[in-house]
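Participant: Contents of work21.cif (mmCIF, C-alpha atoms) are below:
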```
data_start
loop_
_atom_site.label_atom_id
_atom_site.label_comp_id
_atom_site.auth_asym_id
_atom_site.auth_seq_id
_atom_site.Cartn_x
_atom_site.Cartn_y
_atom_site.Cartn_z
CA MET A 1 -8.06 -7.91 11.42
CA THR A 2 -11.45 -6.73 10.24
CA LEU A 3 -12.80 -3.20 9.99
CA LEU A 4 -16.55 -3.19 10.66
CA ILE A 5 -18.19 -0.07 9.23
CA MET A 6 -21.62 0.90 10.55
CA ALA A 7 -23.47 2.42 7.60
CA ALA A 8 -27.13 1.49 8.15
CA GLY A 9 -28.20 4.93 9.40
CA MET A 10 -29.67 7.48 7.05
CA GLY A 11 -28.36 10.59 8.82
CA SER A 12 -31.54 12.45 9.74
CA ARG A 13 -29.72 15.60 10.87
CA PHE A 14 -27.68 15.73 7.67
CA GLY A 15 -30.68 14.87 5.52
CA GLY A 16 -29.84 11.92 3.32
CA LEU A 17 -27.41 9.08 2.69
CA LYS A 18 -24.35 11.05 3.79
CA GLN A 19 -22.10 7.98 3.70
CA ILE A 20 -21.79 8.44 -0.07
CA GLU A 21 -21.56 12.21 -0.18
CA PRO A 22 -18.45 13.20 -2.21
CA VAL A 23 -15.84 15.08 -0.13
CA GLY A 24 -12.48 14.38 -1.79
CA PRO A 25 -10.89 16.11 -4.80
CA ASN A 26 -11.97 13.28 -7.10
CA GLY A 27 -15.33 12.48 -5.55
CA GLU A 28 -14.03 10.34 -2.68
CA PHE A 29 -16.30 9.56 0.27
CA ILE A 30 -15.35 9.67 3.97
CA ILE A 31 -15.51 5.85 3.94
CA ASP A 32 -12.79 5.77 1.26
CA TYR A 33 -10.34 7.55 3.55
CA SER A 34 -11.20 5.28 6.48
CA ILE A 35 -10.55 2.15 4.42
CA TYR A 36 -7.33 3.61 3.04
CA ASP A 37 -6.04 4.35 6.55
CA ALA A 38 -7.19 0.95 7.85
CA LYS A 39 -5.34 -0.85 5.07
CA LEU A 40 -2.16 1.06 5.89
CA ALA A 41 -2.62 0.13 9.56
CA GLY A 42 -2.80 -3.60 8.82
CA PHE A 43 -6.49 -4.38 8.42
CA ASP A 44 -7.14 -6.92 5.65
CA LYS A 45 -10.93 -7.15 5.60
CA VAL A 46 -13.82 -4.68 5.55
CA VAL A 47 -17.41 -5.51 6.44
CA PHE A 48 -20.14 -2.96 5.70
CA ILE A 49 -23.26 -3.02 7.85
CA ILE A 50 -25.97 -1.54 5.66
CA LYS A 51 -29.68 -1.61 4.96
CA GLU A 52 -30.50 -4.29 2.41
CA GLU A 53 -32.15 -1.75 0.10
CA ASN A 54 -28.83 0.16 -0.12
CA TYR A 55 -26.81 -2.89 -1.20
CA ASP A 56 -26.57 -2.10 -4.91
CA ILE A 57 -25.50 1.52 -4.44
CA PHE A 58 -22.84 0.54 -1.88
CA LYS A 59 -21.49 -2.33 -3.92
CA ASN A 60 -21.37 -0.34 -7.14
CA THR A 61 -19.67 2.67 -5.57
CA ILE A 62 -17.59 1.95 -2.48
CA GLY A 63 -17.25 -1.79 -2.98
CA ALA A 64 -16.16 -1.38 -6.58
CA ARG A 65 -13.38 0.98 -5.51
CA PHE A 66 -11.86 -1.33 -2.91
CA GLU A 67 -12.65 -4.92 -3.81
CA ASN A 68 -9.27 -5.33 -5.55
CA MET A 69 -7.41 -3.94 -2.56
CA ILE A 70 -9.02 -5.56 0.45
CA ASP A 71 -11.51 -8.33 1.23
CA VAL A 72 -15.00 -6.76 1.25
CA GLU A 73 -18.24 -8.20 2.62
CA TYR A 74 -21.71 -6.83 3.33
CA VAL A 75 -24.19 -7.65 6.06
CA PHE A 76 -27.69 -6.29 6.51
CA GLN A 77 -29.12 -4.80 9.67
CA LYS A 78 -32.73 -5.95 9.64
CA ILE A 79 -35.46 -4.87 12.01
CA ASP A 80 -36.81 -8.43 12.22
CA ASP A 81 -33.41 -9.92 13.13
CA ILE A 82 -34.35 -10.33 16.79
CA PRO A 83 -34.52 -13.30 19.18
CA MET A 84 -38.09 -12.65 20.38
CA HIS A 85 -40.67 -13.15 17.65
CA ASP A 86 -43.77 -12.47 19.75
CA LEU A 87 -43.08 -8.71 19.84
CA ASP A 88 -45.23 -6.27 17.89
CA ILE A 89 -42.64 -4.33 15.86
CA THR A 90 -44.95 -3.20 13.07
CA ASN A 91 -44.48 0.46 14.01
CA ARG A 92 -40.68 0.27 14.20
CA ILE A 93 -39.02 2.32 11.43
CA LYS A 94 -35.36 2.79 12.40
CA PRO A 95 -32.87 -0.04 13.04
CA TRP A 96 -32.35 -1.13 16.65
CA GLY A 97 -29.07 0.72 17.26
CA THR A 98 -25.33 0.20 17.03
CA ALA A 99 -25.02 -2.93 19.20
CA HIS A 100 -27.69 -4.64 17.10
CA ALA A 101 -25.83 -3.50 13.96
CA ILE A 102 -22.60 -5.13 15.12
CA LEU A 103 -24.46 -8.34 15.90
CA ALA A 104 -25.53 -8.50 12.25
CA ALA A 105 -21.89 -9.32 11.40
CA ARG A 106 -21.63 -12.31 13.74
CA ASP A 107 -21.40 -14.87 10.92
CA VAL A 108 -18.68 -13.13 8.88
CA VAL A 109 -16.30 -11.68 11.50
CA LYS A 110 -13.96 -14.35 12.84
CA ASP A 111 -10.93 -12.26 13.88
CA LYS A 112 -10.16 -9.26 16.04
CA PHE A 113 -12.12 -6.30 14.73
CA ALA A 114 -12.58 -2.55 15.03
CA ILE A 115 -15.82 -0.66 14.53
CA ILE A 116 -16.33 2.83 13.13
CA ASN A 117 -19.16 5.02 11.91
CA ALA A 118 -19.34 5.41 8.14
CA ASP A 119 -19.80 9.17 8.30
CA ASP A 120 -16.91 10.07 10.62
CA PHE A 121 -13.33 10.83 9.54
CA TYR A 122 -11.11 9.41 12.29
CA GLY A 123 -7.55 10.21 11.22
CA ARG A 124 -4.62 7.88 10.55
CA ASP A 125 -3.21 8.07 14.09
CA ALA A 126 -6.41 6.52 15.45
CA PHE A 127 -6.25 3.57 13.02
CA ASN A 128 -2.59 2.93 13.80
CA LYS A 129 -3.21 2.91 17.54
CA ILE A 130 -6.25 0.64 17.50
CA SER A 131 -4.42 -1.73 15.15
CA ASP A 132 -1.44 -1.95 17.50
CA PHE A 133 -3.75 -2.70 20.42
CA LEU A 134 -5.73 -5.41 18.65
CA GLN A 135 -2.60 -7.19 17.48
CA ASN A 136 -1.37 -7.46 21.07
CA SER A 137 -4.62 -7.93 23.02
CA ASN A 138 -6.32 -11.03 24.37
CA ASP A 139 -9.93 -12.07 23.89
CA ASN A 140 -11.03 -10.51 27.18
CA GLU A 141 -9.84 -7.01 26.30
CA MET A 142 -11.77 -4.25 24.57
CA VAL A 143 -10.52 -0.83 23.54
CA ILE A 144 -11.95 2.63 22.94
CA VAL A 145 -10.09 5.34 21.03
CA GLY A 146 -10.55 8.55 23.01
CA TYR A 147 -10.61 11.95 21.30
CA GLU A 148 -10.23 15.28 23.05
CA VAL A 149 -13.70 16.77 23.01
CA ALA A 150 -12.45 20.06 21.52
CA ASN A 151 -11.29 18.05 18.49
CA THR A 152 -14.76 16.62 17.85
CA ILE A 153 -17.06 19.66 17.85
CA THR A 154 -18.85 21.26 14.91
CA ASP A 155 -19.89 24.90 14.80
CA ALA A 156 -23.18 23.87 13.19
CA GLY A 157 -24.82 22.48 16.33
CA SER A 158 -24.71 19.93 19.12
CA VAL A 159 -23.18 16.47 18.73
CA LYS A 160 -23.57 13.10 20.45
CA ARG A 161 -20.44 11.85 22.16
CA GLY A 162 -19.62 9.34 24.87
CA VAL A 163 -17.85 11.13 27.73
CA LEU A 164 -15.14 8.82 29.08
CA GLU A 165 -14.10 8.52 32.70
CA GLU A 166 -10.90 6.54 33.09
CA GLU A 167 -8.74 5.15 35.85
CA ASN A 168 -5.12 4.21 35.12
CA GLY A 169 -5.89 4.17 31.41
CA TYR A 170 -8.96 1.93 31.67
CA LEU A 171 -12.64 2.69 31.34
CA LYS A 172 -14.48 3.54 34.55
CA LYS A 173 -17.64 5.13 33.13
CA LEU A 174 -19.08 6.03 29.73
CA ILE A 175 -21.78 8.71 29.66
CA GLU A 176 -23.55 9.06 26.32
CA SER A 177 -24.30 12.77 26.01
CA VAL A 178 -25.26 15.61 23.74
CA ILE A 179 -22.38 18.09 23.80
CA GLU A 180 -22.37 21.68 22.69
CA LYS A 181 -19.88 24.50 23.01
CA LYS A 182 -20.89 27.32 25.33
CA ASN A 183 -18.49 30.24 24.87
CA ASP A 184 -15.14 28.84 26.08
CA SER A 185 -16.55 25.71 27.75
CA TYR A 186 -18.37 22.53 26.73
CA LEU A 187 -21.67 21.38 28.18
CA ALA A 188 -22.55 17.69 28.23
CA SER A 189 -26.20 16.70 28.65
CA PRO A 190 -26.47 12.94 29.40
CA LEU A 191 -28.98 11.08 27.25
CA ASP A 192 -30.30 9.21 30.30
CA GLY A 193 -31.65 12.41 31.84
CA ARG A 194 -28.96 13.07 34.40
CA SER A 195 -28.04 16.69 35.08
CA PRO A 196 -25.84 18.46 32.50
CA PHE A 197 -22.20 19.01 33.41
CA GLU A 198 -19.24 20.92 32.04
CA VAL A 199 -16.29 19.12 30.48
CA LYS A 200 -12.82 20.46 29.78
CA SER A 201 -11.52 20.86 26.25
CA ASN A 202 -9.13 17.90 26.72
CA THR A 203 -11.75 15.56 28.20
CA LEU A 204 -11.72 12.32 26.24
CA VAL A 205 -14.85 11.24 24.38
CA SER A 206 -15.78 8.21 22.34
CA MET A 207 -16.55 8.48 18.63
CA ASN A 208 -17.63 4.82 18.38
CA MET A 209 -14.14 3.74 17.32
CA MET A 210 -13.73 0.60 19.39
CA GLY A 211 -11.99 -2.75 19.16
CA PHE A 212 -13.08 -6.25 20.17
CA SER A 213 -12.50 -9.96 19.84
CA PRO A 214 -15.25 -12.16 18.32
CA LYS A 215 -16.07 -13.21 21.88
CA LEU A 216 -18.20 -10.06 22.05
CA PHE A 217 -20.93 -11.55 19.82
CA LYS A 218 -22.00 -14.06 22.48
CA TYR A 219 -22.65 -11.24 24.94
CA LEU A 220 -24.40 -9.10 22.34
CA GLU A 221 -26.86 -11.93 21.69
CA GLU A 222 -27.51 -12.49 25.39
CA GLY A 223 -27.85 -8.77 26.02
CA LEU A 224 -30.34 -8.33 23.20
CA VAL A 225 -32.80 -10.65 24.95
CA ASP A 226 -32.53 -8.58 28.14
CA PHE A 227 -32.86 -5.39 26.11
CA PHE A 228 -36.22 -6.40 24.67
CA LYS A 229 -37.50 -7.58 28.03
CA GLN A 230 -36.70 -4.15 29.47
CA ASN A 231 -38.16 -2.19 26.54
CA LYS A 232 -41.42 -3.98 25.69
CA SER A 233 -43.33 -0.75 26.23
CA ASN A 234 -40.94 1.36 24.12
CA LEU A 235 -40.47 -0.65 20.94
CA GLU A 236 -40.86 2.32 18.60
CA LYS A 237 -37.90 4.32 19.94
CA CYS A 238 -35.59 2.16 22.10
CA GLU A 239 -32.01 1.56 20.89
CA TYR A 240 -29.54 -1.20 21.73
CA LEU A 241 -26.31 0.81 21.79
CA ILE A 242 -22.73 -0.43 21.84
CA PRO A 243 -21.52 2.17 24.39
CA ASP A 244 -24.10 0.86 26.88
CA VAL A 245 -23.01 -2.73 26.24
CA VAL A 246 -19.31 -1.87 26.59
CA GLU A 247 -19.88 -0.07 29.88
CA LYS A 248 -21.96 -2.94 31.30
CA LEU A 249 -19.48 -5.65 30.29
CA THR A 250 -16.67 -3.55 31.75
CA LEU A 251 -18.36 -2.82 35.07
CA ASP A 252 -19.39 -6.44 35.62
CA GLY A 253 -15.82 -7.63 34.97
CA THR A 254 -16.52 -9.64 31.80
CA PHE A 255 -13.97 -7.55 29.87
CA THR A 256 -11.42 -4.88 30.61
CA THR A 257 -11.60 -1.81 28.39
CA LYS A 258 -8.46 0.14 27.54
CA ILE A 259 -8.74 3.79 26.56
CA ILE A 260 -6.24 4.92 23.93
CA HIS A 261 -5.71 8.65 23.52
CA THR A 262 -5.40 10.06 20.02
CA ASN A 263 -4.53 13.63 19.07
CA ALA A 264 -6.38 13.19 15.78
CA VAL A 265 -8.99 15.79 14.87
CA TRP A 266 -12.44 14.48 13.98
CA LEU A 267 -14.03 15.49 10.72
CA GLY A 268 -17.55 14.60 9.73
CA MET A 269 -20.91 15.63 8.35
CA THR A 270 -23.33 15.74 11.22
CA TYR A 271 -24.97 18.74 9.55
CA LYS A 272 -25.03 19.98 5.95
CA GLU A 273 -23.01 23.01 7.04
CA ASP A 274 -20.10 20.72 7.95
CA LYS A 275 -19.36 19.68 4.39
CA GLU A 276 -17.50 22.82 3.34
CA MET A 277 -15.05 22.55 6.24
CA LEU A 278 -14.58 18.82 5.67
CA VAL A 279 -13.76 19.30 1.99
CA ARG A 280 -11.31 22.08 2.87
CA GLU A 281 -9.50 19.98 5.50
CA ILE A 282 -9.19 16.99 3.19
CA GLU A 283 -7.72 19.25 0.52
CA LYS A 284 -5.03 20.24 3.04
CA LEU A 285 -4.27 16.57 3.77
CA VAL A 286 -3.90 15.90 0.05
CA ARG A 287 -1.60 18.90 -0.40
CA ASN A 288 0.71 17.74 2.39
CA ASN A 289 0.82 14.24 0.83
CA THR A 290 -1.01 12.46 3.66
CA TYR A 291 -3.27 11.10 0.91
CA PRO A 292 -2.70 10.81 -2.85
CA ILE A 293 -4.78 13.12 -5.01
CA HIS A 294 -6.32 9.99 -6.55
CA LEU A 295 -7.17 7.85 -3.54
CA THR A 296 -7.68 4.87 -5.85
CA ASP A 297 -3.93 4.74 -6.52
CA TYR A 298 -3.84 1.55 -4.47
CA GLU A 299 -0.36 0.61 -5.64
CA LYS A 300 0.94 3.36 -3.36
CA ILE A 301 -0.34 1.54 -0.28
#
```
Translate this file's structure into structure tokens.

Facilitator:
Amino acid sequence: MTLLIMAAGMGSRFGGLKQIEPVGPNGEFIIDYSIYDAKLAGFDKVVFIIKEENYDIFKNTIGARFENMIDVEYVFQKIDDIPMHDLDITNRIKPWGTAHAILAARDVVKDKFAIINADDFYGRDAFNKISDFLQNSNDNEMVIVGYEVANTITDAGSVKRGVLEEENGYLKKLIESVIEKKNDSYLASPLDGRSPFEVKSNTLVSMNMMGFSPKLFKYLEEGLVDFFKQNKSNLEKCEYLIPDVVEKLTLDGTFTTKIIHTNAVWLGMTYKEDKEMLVREIEKLVRNNTYPIHLTDYEKI
């Protein structure tokens, strides 16, 4: 199995390349803990999706730490990696979104794979559960790890989450939303402009931890053509997002999408103010021996 790590974003709200911000007791990054947990859960390959200009810094930091422990590859998310070459994309600055990022790995991912964000700490339970699913799934099944929304909120501001509606454990609807805590409740404001709505503390949300078979790439390529046809007048800001693709492929019956519930608590650095709490929580996990104090003690895996 392959772990596909989306690390091409710069983190505008955090203000820099937060994927390589030290958070562990010996300078470890969030990505280090994700790879450590993935290795324990049975993943044997990691693919980083990055900007080409960040290749050297990733390879010399993160890659150097793990290349003796797990197979590591890099792919580049490029703005000009698109099927329609008659489009004027000269004013496009940001990459095209998470679905386009995943498509960048189409030539190197040949097995079942999971995706994660580079700047989110997912917890070992989540890696174990998605690994178990992938090892027992068929090529027409997808999976989303669902977190209780109360376990994914930061006190520093609003966050983007995919609100999950399920039926008998399977995805029925995925509403990408901005969520913020309002006193004792949580308010979700859909990104597509629909009216805001309240969600309960145990409502499941997506943190972009999903699992697929390589069959997905065919549909990502086909969907990208439709995406550009629909967004010719919005080429500066439009985004081809994996939650939208997953919902579409689920609703049209191409795939079924299982939702797996985890009790894990999200940790991350959406805002600069989050770092202090993240460092503190990782220190606790080291003290209770969830992780070694030197995460590069690979012989303990």

Participant: I need the residue nearest Phe29 of chain A from this list: A:Glu221, A:Asp120, A:Glu239, A:Glu247. Use all atoms listed in the file for the distance.

Facilitator: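 Looking only at the distances to Phe29 of chain A, the closest residue turns out to be A:Asp120.
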
Participant: Between atom CA of Ile144 of chain A and atom CA of Lys200 of chain A, what distance in Å does the model show, to one decimal?

Facilitator: 19.1 Å

Participant: Which residues of segment 244-300 of chain A come within 6 Å of segment 146-163 of chain A, and what is each one's closest atom pair and distance in Å (one decimal), counting only C-alpha atoms, sorted by chain and residue number, as CSV?

Facilitator:
```
residue,atom,partner,partner_atom,distance
A:Ile260,CA,A:Gly146,CA,5.7
A:His261,CA,A:Gly146,CA,4.9
A:Thr262,CA,A:Tyr147,CA,5.7
A:Val265,CA,A:Asn151,CA,4.8
A:Trp266,CA,A:Thr152,CA,5.0
```

Participant: Which residues are close to Phe212 of chain A, i.e. within 6 Å by all atoms listed in the file, leaving aside same-chain residues fewer than 4 positions away? Reply as a PyMOL selection string.

Facilitator: chain A and resi 112-113+142

Participant: For the residues in that selection, give me C-alpha atoms as a tab-separated table (two decimals), in the frame of the given file.

Facilitator:
```tsv
chain	number	residue	atom	x	y	z
A	112	LYS	CA	-10.16	-9.26	16.04
A	113	PHE	CA	-12.12	-6.30	14.73
A	142	MET	CA	-11.77	-4.25	24.57
```

Participant: Between atom CA of Ile62 of chain A and atom CA of Tyr36 of chain A, what is the spacing in Å?

Facilitator: 11.8 Å

Participant: Do a neighbour search on Ala7 of chain A at 8 Å with only C-alpha atoms, toss out local chain neighbours closer than 2 positions, and write the hits as a PyMOL selection string.

Facilitator: chain A and resi 5+9+19+48-51+117-119

Participant: Kindly compute an axis-aligned box around the listed atoms of segment 114-133 of chain A, allowing 4 Å on each side, and express its centre and edge lengths in Å to one decimal as AutoDock Vina command-line options.

Facilitator:
```
--center_x -10.6 --center_y 4.1 --center_z 14.3 --size_x 26.4 --size_y 21.5 --size_z 20.3
```

Participant: From the set A:Pro190, A:Pro83, A:Pro95, A:Gly123, which residue has the shortest atom-to-atom contact distance to Glu222 of chain A, counting all atoms listed in the file?

Facilitator: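 Comparing A:Pro190, A:Pro83, A:Pro95, A:Gly123 against Glu222 of chain A, the winner is A:Pro83.
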
Participant: Carefully work through the PyMOL selection byres ((chain A and resi 295) around 12) for this structure and note down the residues it includes, as a PyMOL selection string.

Facilitator: chain A and resi 23-37+65-66+69+282+285-286+289-294+296-301

Participant: Write the residues of the preceding selection, restricted to C-alpha atoms, as a CSV table (one decimal), in the coordinates of the input.

Facilitator:
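Just written: out38.csv:
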```
chain,number,residue,atom,x,y,z
A,23,VAL,CA,-15.8,15.1,-0.1
A,24,GLY,CA,-12.5,14.4,-1.8
A,25,PRO,CA,-10.9,16.1,-4.8
A,26,ASN,CA,-12.0,13.3,-7.1
A,27,GLY,CA,-15.3,12.5,-5.6
A,28,GLU,CA,-14.0,10.3,-2.7
A,29,PHE,CA,-16.3,9.6,0.3
A,30,ILE,CA,-15.4,9.7,4.0
A,31,ILE,CA,-15.5,5.8,3.9
A,32,ASP,CA,-12.8,5.8,1.3
A,33,TYR,CA,-10.3,7.6,3.6
A,34,SER,CA,-11.2,5.3,6.5
A,35,ILE,CA,-10.6,2.2,4.4
A,36,TYR,CA,-7.3,3.6,3.0
A,37,ASP,CA,-6.0,4.4,6.6
A,65,ARG,CA,-13.4,1.0,-5.5
A,66,PHE,CA,-11.9,-1.3,-2.9
A,69,MET,CA,-7.4,-3.9,-2.6
A,282,ILE,CA,-9.2,17.0,3.2
A,285,LEU,CA,-4.3,16.6,3.8
A,286,VAL,CA,-3.9,15.9,0.0
A,289,ASN,CA,0.8,14.2,0.8
A,290,THR,CA,-1.0,12.5,3.7
A,291,TYR,CA,-3.3,11.1,0.9
A,292,PRO,CA,-2.7,10.8,-2.8
A,293,ILE,CA,-4.8,13.1,-5.0
A,294,HIS,CA,-6.3,10.0,-6.6
A,296,THR,CA,-7.7,4.9,-5.8
A,297,ASP,CA,-3.9,4.7,-6.5
A,298,TYR,CA,-3.8,1.6,-4.5
A,299,GLU,CA,-0.4,0.6,-5.6
A,300,LYS,CA,0.9,3.4,-3.4
A,301,ILE,CA,-0.3,1.5,-0.3
```

Participant: Can you tell me which residues surround Leu171 of chain A at a distance of at most 12 Å, considering all atoms listed in the file, apart from same-chain residues fewer than 5 positions away, and format the answer as a list in words?

Facilitator: Glu141, Met142, Val143, Ile144, Val145, Gly146, Gly162, Val163, Leu164, Glu165, Glu166, Leu204, Val205, Ser206, Pro243, Val246, Glu247, Lys248, Leu249, Thr250, Leu251, Gly253, Phe255, Thr256, Thr257, Lys258, Ile259 and Ile260 of chain A

Participant: Atom CA of Trp96 of chain A and atom CA of Leu191 of chain A are how many Å apart?

Facilitator: 16.5 Å

Participant: Evaluated on this file, the PyMOL selection byres ((chain A and resi 102-108) around 7) picks out some residues - which ones are they, written as a VMD selection string?

Facilitator: chain A and resid 75 to 77 98 to 101 109 to 110 217 220

Participant: List the residues sitting within 7 Å of (-10.8, -12.2, 24.9) in the file's frame, using only C-alpha atoms, as a list in words.

Facilitator: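 Counting only C-alpha atoms, I find these residues within 7 Å of (-10.8, -12.2, 24.9): Asn138, Asp139, Asn140, Glu141, Ser213 and Lys215 of chain A.
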
Participant: Restrict the selected residues to C-alpha atoms and save them as a JSON list (two decimals), in the coordinates of the input.

Facilitator:
```
[["chain", "number", "residue", "atom", "x", "y", "z"],
["A", 138, "ASN", "CA", -6.32, -11.03, 24.37],
["A", 139, "ASP", "CA", -9.93, -12.07, 23.89],
["A", 140, "ASN", "CA", -11.03, -10.51, 27.18],
["A", 141, "GLU", "CA", -9.84, -7.01, 26.30],
["A", 213, "SER", "CA", -12.50, -9.96, 19.84],
["A", 215, "LYS", "CA", -16.07, -13.21, 21.88]]
```

Participant: Contacts of segment 132-134 of chain A at 7 Å or less, counting all atoms listed in the file, minus same-chain residues fewer than 3 places along, as an MDAnalysis selection string?

Facilitator: chainID A and resid 112 128:129 137 211

Participant: What's around Met84 of chain A at 12 Å? Count all atoms listed in the file, leave out sequence neighbours fewer than 2 positions away in its own chain, and write the answer as a list in words.

Facilitator: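 Final neighbour list, sorted by chain and number: Ile79, Asp80, Asp81, Ile82, Asp86, Leu87, Asp88, Ile89, Glu221, Glu222, Leu224, Val225, Asp226, Phe227, Phe228, Lys229 and Lys232 of chain A.
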
Participant: Please write the residues picked by the PyMOL selection byres ((chain A and resi 4) around 7) on this file as a list of chain:residue names.

Facilitator: A:Thr2, A:Leu3, A:Ile5, A:Met6, A:Val46, A:Val47, A:Phe48, A:Phe113, A:Ala114, A:Ile115, A:Ile116
